[in-house]
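Asks: I have a structure I would like to understand better, so I am pasting it below and will then ask my questions one at a time.
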There are 2 protein chains.
Amino acid sequence: MGYAIGEFSLITGISIYTLRYYEKEGLIIPERKRNGRRLYSDNDITWIQFIKRLKDTGMPIKKIQKYAQLRAQGDSTLEERMEMLIKHRGILKKEIDAMQEHLTNLDDKISYYKTEYGRKHSKLEGGDD
Amino acid sequence: MGYAIGEFSLITGISIYTLRYYEKEGLIIPERKRNGRRLYSDNDITWIQFIKRLKDTGMPIKKIQKYAQLRAQGDSTLEERMEMLIKHRGILKKEIDAMQEHLTNLDDKISYYKTEYGRKHSKLEGGDD
DNA sequence: ACTTGACCTGGAGTTAACTCTATATTGTAT
DNA sequence: ATACAATATAGAGTTAACTCCAGGTCAAGT
């Protein structure tokens, strides 16, 4: 029936420090036991994994915070949240395309290096035509 | 016959502050005129654009610094530089794949939102069978 | 009763990558 | 000759996202 912060940290791979920091920032606010200790739920696991995904796709904490606030307000904010995700999707797509282009360019540079390196190390400097 | 820092900044889209910072970090070290002012060359344009690319693909300044040092040492470091790029290429490729997966996941979430939102706003809450 | 380990809070410290400020020079136009 | 804009340096300040520390509480085992 719920996880203490240490256990939750192990499950999610997020440090205790970071969890408390995320709470301060309003990203994930667990229940508390009578004695004041945090009590994370299974739902929180799903939620933090989604937070992770947003972070890994470059969404800044402040935006995630905004999303979390909407989420906390319930169903009435469904549309707005959806729009945030759609917008973020657009940004992500552009980033992927840019990365793909960088990759191609890097490949070109590498193959240039390969021919350069080959040339410099060839015993037939003068060519063999 | 070369560009002053202000002009170079306009050409490359990198702020004067950042250019001086990059110089401090050993990424790009332009010539100097007799009076001590920086004089950037056309070669520097190509080079800074490559630096940009490395940065945009997530290479930290410290690694780029290392690469720049090798580059300054000339042809004898060709192989090592190539290896750096190949390694970086691998990292980039993995990142792209991860992003692609994030994108798919985000799409799933968005289409879930779409059906949720549709359901909530339907006038036929009870179904029509 | 006492120690231990996990937890609590508020706030300070860290790192990367800039970004800006203060002060001093210098080159160009009037 | 003088004003002004661009440049120079050293070093301080900023931002994001953690990361850590000091000092305190509390439940469980010996």
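Order determines the names: the first chain of the structure tokens is A, the second B, and so forth; residues in each chain are numbered 1 upward, and ligands are numbered 1 upward as they are shown.
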With the cut-off set at 9 Å and counting only C-alpha atoms (C1' of nucleotides), tabulate each residue of chain C with an atom at most that distance from an atom of chain B, showing the nearest atom pair and its distance in Å to one decimal, ordered by chain and increasing number, as a tab-separated table.

Replies:
residue	atom	partner	partner_atom	distance
C:DA16	C1'	B:Pro60	CA	8.4
C:DA17	C1'	B:Ile61	CA	8.3
C:DC18	C1'	B:Thr18	CA	6.7
C:DT19	C1'	B:Tyr17	CA	6.9
C:DC20	C1'	B:Tyr17	CA	8.6
C:DT26	C1'	B:Asn35	CA	8.1

Asks: Take the residues just selected and output them with N, CA and C atoms (P, O5', C5', C4', C3', O3' and C1' of nucleotides) as a short mmCIF file (atom, residue, chain, number, x, y, z; two decimals), in the first residue's frame.

Replies:
data_model
loop_
_atom_site.label_atom_id
_atom_site.label_comp_id
_atom_site.auth_asym_id
_atom_site.auth_seq_id
_atom_site.Cartn_x
_atom_site.Cartn_y
_atom_site.Cartn_z
P DA C 16 31.14 20.86 -15.69
"O5'" DA C 16 30.09 21.40 -16.74
"C5'" DA C 16 28.86 20.71 -16.94
"C4'" DA C 16 28.02 21.53 -17.88
"C3'" DA C 16 28.82 22.19 -19.01
"O3'" DA C 16 28.10 21.99 -20.21
"C1'" DA C 16 27.65 23.85 -17.76
P DA C 17 28.77 22.38 -21.61
"O5'" DA C 17 28.19 23.85 -21.82
"C5'" DA C 17 26.78 24.03 -21.88
"C4'" DA C 17 26.47 25.50 -21.90
"C3'" DA C 17 27.39 26.33 -22.84
"O3'" DA C 17 26.58 27.18 -23.63
"C1'" DA C 17 27.27 27.32 -20.75
P DC C 18 27.14 27.80 -25.01
"O5'" DC C 18 28.08 29.02 -24.55
"C5'" DC C 18 27.62 30.36 -24.46
"C4'" DC C 18 26.54 30.53 -23.41
"C3'" DC C 18 25.98 31.93 -23.39
"O3'" DC C 18 24.57 31.90 -23.30
"C1'" DC C 18 26.76 31.33 -21.24
P DT C 19 23.67 33.08 -23.91
"O5'" DT C 19 24.06 34.34 -23.00
"C5'" DT C 19 23.32 34.61 -21.82
"C4'" DT C 19 23.91 35.77 -21.07
"C3'" DT C 19 24.13 37.05 -21.89
"O3'" DT C 19 23.19 37.98 -21.41
"C1'" DT C 19 25.90 36.64 -20.35
P DC C 20 23.04 39.45 -21.97
"O5'" DC C 20 23.86 40.28 -20.87
"C5'" DC C 20 23.58 40.05 -19.49
"C4'" DC C 20 24.66 40.67 -18.63
"C3'" DC C 20 24.99 42.13 -18.99
"O3'" DC C 20 24.62 42.91 -17.85
"C1'" DC C 20 26.95 40.86 -18.59
P DT C 26 45.75 51.87 -27.25
"O5'" DT C 26 44.76 51.82 -28.49
"C5'" DT C 26 44.18 50.58 -28.88
"C4'" DT C 26 43.16 50.82 -29.98
"C3'" DT C 26 43.65 51.73 -31.12
"O3'" DT C 26 43.36 51.05 -32.33
"C1'" DT C 26 41.54 52.42 -30.35
#

Asks: At most 10 Å is the cut-off: for each residue in chain B with any atom that close to an atom of chain A, write down the nearest atom pair and the distance in Å rounded to one decimal, counting only C-alpha atoms, chain first then increasing number, as a tab-separated table.

Replies:
residue	atom	partner	partner_atom	distance
B:Phe50	CA	A:Leu106	CA	9.5
B:Arg53	CA	A:His102	CA	6.8
B:Leu54	CA	A:His102	CA	8.5
B:Asp56	CA	A:Met99	CA	8.1
B:Thr57	CA	A:Met99	CA	6.7
B:Gly58	CA	A:Met99	CA	9.9
B:Asp75	CA	A:Lys120	CA	8.6
B:Ser76	CA	A:Lys120	CA	9.5
B:Thr77	CA	A:Tyr117	CA	9.8
B:Leu78	CA	A:Tyr117	CA	6.6
B:Glu79	CA	A:Tyr117	CA	6.7
B:Arg81	CA	A:Tyr113	CA	8.5
B:Met82	CA	A:Tyr113	CA	6.1
B:Glu83	CA	A:Ile110	CA	8.7
B:Met84	CA	A:Ile110	CA	9.8
B:Leu85	CA	A:Ile110	CA	6.8
B:Ile86	CA	A:Ile110	CA	7.0
B:His88	CA	A:Leu106	CA	9.0
B:Arg89	CA	A:Leu103	CA	6.8
B:Gly90	CA	A:Leu103	CA	9.4
B:Leu92	CA	A:Leu103	CA	7.1
B:Lys93	CA	A:Leu103	CA	7.3
B:Glu95	CA	A:Met99	CA	8.8
B:Ile96	CA	A:Ile96	CA	6.3
B:Asp97	CA	A:Ile96	CA	9.1
B:Ala98	CA	A:Asp56	CA	8.9
B:Met99	CA	A:Thr57	CA	6.7
B:Gln100	CA	A:Ile96	CA	7.3
B:His102	CA	A:Arg53	CA	6.8
B:Leu103	CA	A:Arg89	CA	6.8
B:Thr104	CA	A:Arg89	CA	9.5
B:Asn105	CA	A:Arg53	CA	9.0
B:Leu106	CA	A:Arg89	CA	6.9
B:Asp107	CA	A:Arg89	CA	7.7
B:Lys109	CA	A:Leu85	CA	8.4
B:Ile110	CA	A:Met82	CA	6.2
B:Ser111	CA	A:Met82	CA	9.0
B:Tyr112	CA	A:Met82	CA	9.3
B:Tyr113	CA	A:Met82	CA	6.1
B:Lys114	CA	A:Met82	CA	7.6
B:Glu116	CA	A:Leu78	CA	8.1
B:Tyr117	CA	A:Leu78	CA	6.6
B:Gly118	CA	A:Glu79	CA	9.8
B:Lys120	CA	A:Asp75	CA	8.6

Asks: Create the file for the chosen residues now, containing C-alpha atoms and written as a PDB file, in the first residue's frame.

Replies:
ATOM      1  CA  PHE B  50      31.325  22.524 -37.354  1.00  0.00           C
ATOM      2  CA  ARG B  53      27.072  21.059 -35.257  1.00  0.00           C
ATOM      3  CA  LEU B  54      28.910  19.208 -32.524  1.00  0.00           C
ATOM      4  CA  ASP B  56      23.767  20.835 -31.511  1.00  0.00           C
ATOM      5  CA  THR B  57      24.296  17.117 -31.369  1.00  0.00           C
ATOM      6  CA  GLY B  58      24.960  17.336 -27.663  1.00  0.00           C
ATOM      7  CA  ASP B  75      47.580  15.852 -39.523  1.00  0.00           C
ATOM      8  CA  SER B  76      49.207  13.513 -37.035  1.00  0.00           C
ATOM      9  CA  THR B  77      45.962  13.499 -35.045  1.00  0.00           C
ATOM     10  CA  LEU B  78      43.670  12.647 -37.961  1.00  0.00           C
ATOM     11  CA  GLU B  79      43.029   9.138 -36.753  1.00  0.00           C
ATOM     12  CA  ARG B  81      39.828  12.833 -34.365  1.00  0.00           C
ATOM     13  CA  MET B  82      38.122  10.374 -36.668  1.00  0.00           C
ATOM     14  CA  GLU B  83      37.683   7.989 -33.776  1.00  0.00           C
ATOM     15  CA  MET B  84      36.135  10.744 -31.688  1.00  0.00           C
ATOM     16  CA  LEU B  85      33.657  11.444 -34.441  1.00  0.00           C
ATOM     17  CA  ILE B  86      32.813   7.800 -34.924  1.00  0.00           C
ATOM     18  CA  HIS B  88      30.054  10.553 -31.205  1.00  0.00           C
ATOM     19  CA  ARG B  89      28.151   9.275 -34.205  1.00  0.00           C
ATOM     20  CA  GLY B  90      27.241   6.186 -32.222  1.00  0.00           C
ATOM     21  CA  LEU B  92      23.925  10.432 -31.701  1.00  0.00           C
ATOM     22  CA  LYS B  93      22.432   7.432 -33.445  1.00  0.00           C
ATOM     23  CA  GLU B  95      19.759   9.355 -29.181  1.00  0.00           C
ATOM     24  CA  ILE B  96      17.856   9.571 -32.440  1.00  0.00           C
ATOM     25  CA  ASP B  97      16.471   6.085 -31.931  1.00  0.00           C
ATOM     26  CA  ALA B  98      15.394   6.968 -28.397  1.00  0.00           C
ATOM     27  CA  MET B  99      13.748  10.161 -29.636  1.00  0.00           C
ATOM     28  CA  GLN B 100      11.917   8.206 -32.292  1.00  0.00           C
ATOM     29  CA  HIS B 102       9.540   8.859 -27.506  1.00  0.00           C
ATOM     30  CA  LEU B 103       7.736  10.287 -30.512  1.00  0.00           C
ATOM     31  CA  THR B 104       5.746   7.118 -31.063  1.00  0.00           C
ATOM     32  CA  ASN B 105       4.861   7.015 -27.410  1.00  0.00           C
ATOM     33  CA  LEU B 106       3.790  10.628 -27.457  1.00  0.00           C
ATOM     34  CA  ASP B 107       1.605   9.911 -30.470  1.00  0.00           C
ATOM     35  CA  LYS B 109      -0.744   9.418 -25.651  1.00  0.00           C
ATOM     36  CA  ILE B 110      -2.126  12.102 -27.939  1.00  0.00           C
ATOM     37  CA  SER B 111      -4.522   9.742 -29.665  1.00  0.00           C
ATOM     38  CA  TYR B 112      -5.624   8.534 -26.254  1.00  0.00           C
ATOM     39  CA  TYR B 113      -6.343  12.158 -25.323  1.00  0.00           C
ATOM     40  CA  LYS B 114      -8.294  12.550 -28.532  1.00  0.00           C
ATOM     41  CA  GLU B 116     -10.950  10.754 -24.150  1.00  0.00           C
ATOM     42  CA  TYR B 117     -11.784  14.277 -25.130  1.00  0.00           C
ATOM     43  CA  GLY B 118     -14.254  13.065 -27.752  1.00  0.00           C
ATOM     44  CA  LYS B 120     -16.273  13.549 -22.618  1.00  0.00           C
TER      45      LYS B 120
END

Asks: Provide as a count of residues only the residues of chain D at most 8 Å from chain B, counting only C-alpha atoms (C1' of nucleotides).

Replies: 3

Asks: Could you tell me, as a PyMOL selection string, which residues of chain B DSSP assigns to strand (DSSP E or B) when given the backbone?

Replies: chain B and resi 3+31-32+38-40

Asks: So that I can check the surroundings of A:Ile64, please list as a list in words every protein, DNA and RNA residue that reaches within 9 Å of it, counting only C-alpha atoms (C1' of nucleotides) and ignoring chain neighbours fewer than 5 positions away.

Replies: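 In the requested form, the answer reads Leu27, Ile51, Leu54, Lys55, Met59 and Gln69 of chain A.
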
Asks: Those residues with C-alpha atoms, as a PDB file, in the first residue's frame please?

Replies:
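File written: result-v2.pdb
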ATOM      1  CA  LEU A  27       5.862  18.012 -10.647  1.00  0.00           C
ATOM      2  CA  ILE A  51       7.625  13.056 -16.568  1.00  0.00           C
ATOM      3  CA  LEU A  54       8.930  14.652 -21.271  1.00  0.00           C
ATOM      4  CA  LYS A  55      12.303  15.503 -19.774  1.00  0.00           C
ATOM      5  CA  MET A  59      10.797  19.652 -22.159  1.00  0.00           C
ATOM      6  CA  GLN A  69      -0.836  21.768 -12.702  1.00  0.00           C
TER       7      GLN A  69
END

Asks: From stretch 4-74 of chain B, collect each residue whose DSSP state is alpha helix (DSSP H) and return the set as a VMD selection string.

Replies: chain B and resid 5 to 12 16 to 24 42 to 56 61 to 72

Asks: Please compute the atom CA of B:Ala72-atom CA of B:Lys24 distance, one decimal, in Å.

Replies: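 Answer for the atom CA of B:Ala72 to atom CA of B:Lys24 separation: 15.1 Å.
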
Asks: Which neighbours of C:DG13 fall inside 12 Å, counting only C-alpha atoms (C1' of nucleotides), when residues of the same chain fewer than 2 positions from it are skipped, and could you give them as a list in words?

Replies: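 Those residues are DG11 and DT15 of chain C; DC18, DT19, DC20 and DC21 of chain D.
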
Asks: Could you take the residues named above and write them with C-alpha atoms (C1' of nucleotides), as a compact mmCIF listing (two decimals), in the first residue's frame?

Replies:
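Saved to result_6.txt:
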# COMPACT_ATOMS: atom_id res chain seq x y z
C1' DG C 11 19.00 26.46 2.52
C1' DT C 15 28.11 22.41 -13.01
C1' DC D 18 20.13 19.15 -9.74
C1' DT D 19 22.99 17.68 -5.35
C1' DC D 20 24.37 18.01 -0.88
C1' DC D 21 24.56 19.43 4.12

Asks: For D:DA22, work out the shell of residues within 12 Å, counting only C-alpha atoms (C1' of nucleotides) and skipping chain neighbours fewer than 6 positions away, then give it as a PyMOL selection string.

Replies: chain C and resi 9-12

Asks: One decimal, Å: what's the distance from atom CA of A:Lys33 over to atom C1' of C:DT3, could you say?

Replies: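 Calculated distance between atom CA of A:Lys33 and atom C1' of C:DT3 is 24.6 Å.
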
Asks: Just to confirm, what's the straight-line distance from atom CA of B:Lys52 to atom CA of B:Ile28 in Å (one decimal)?

Replies: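 A separation of 11.5 Å between them.
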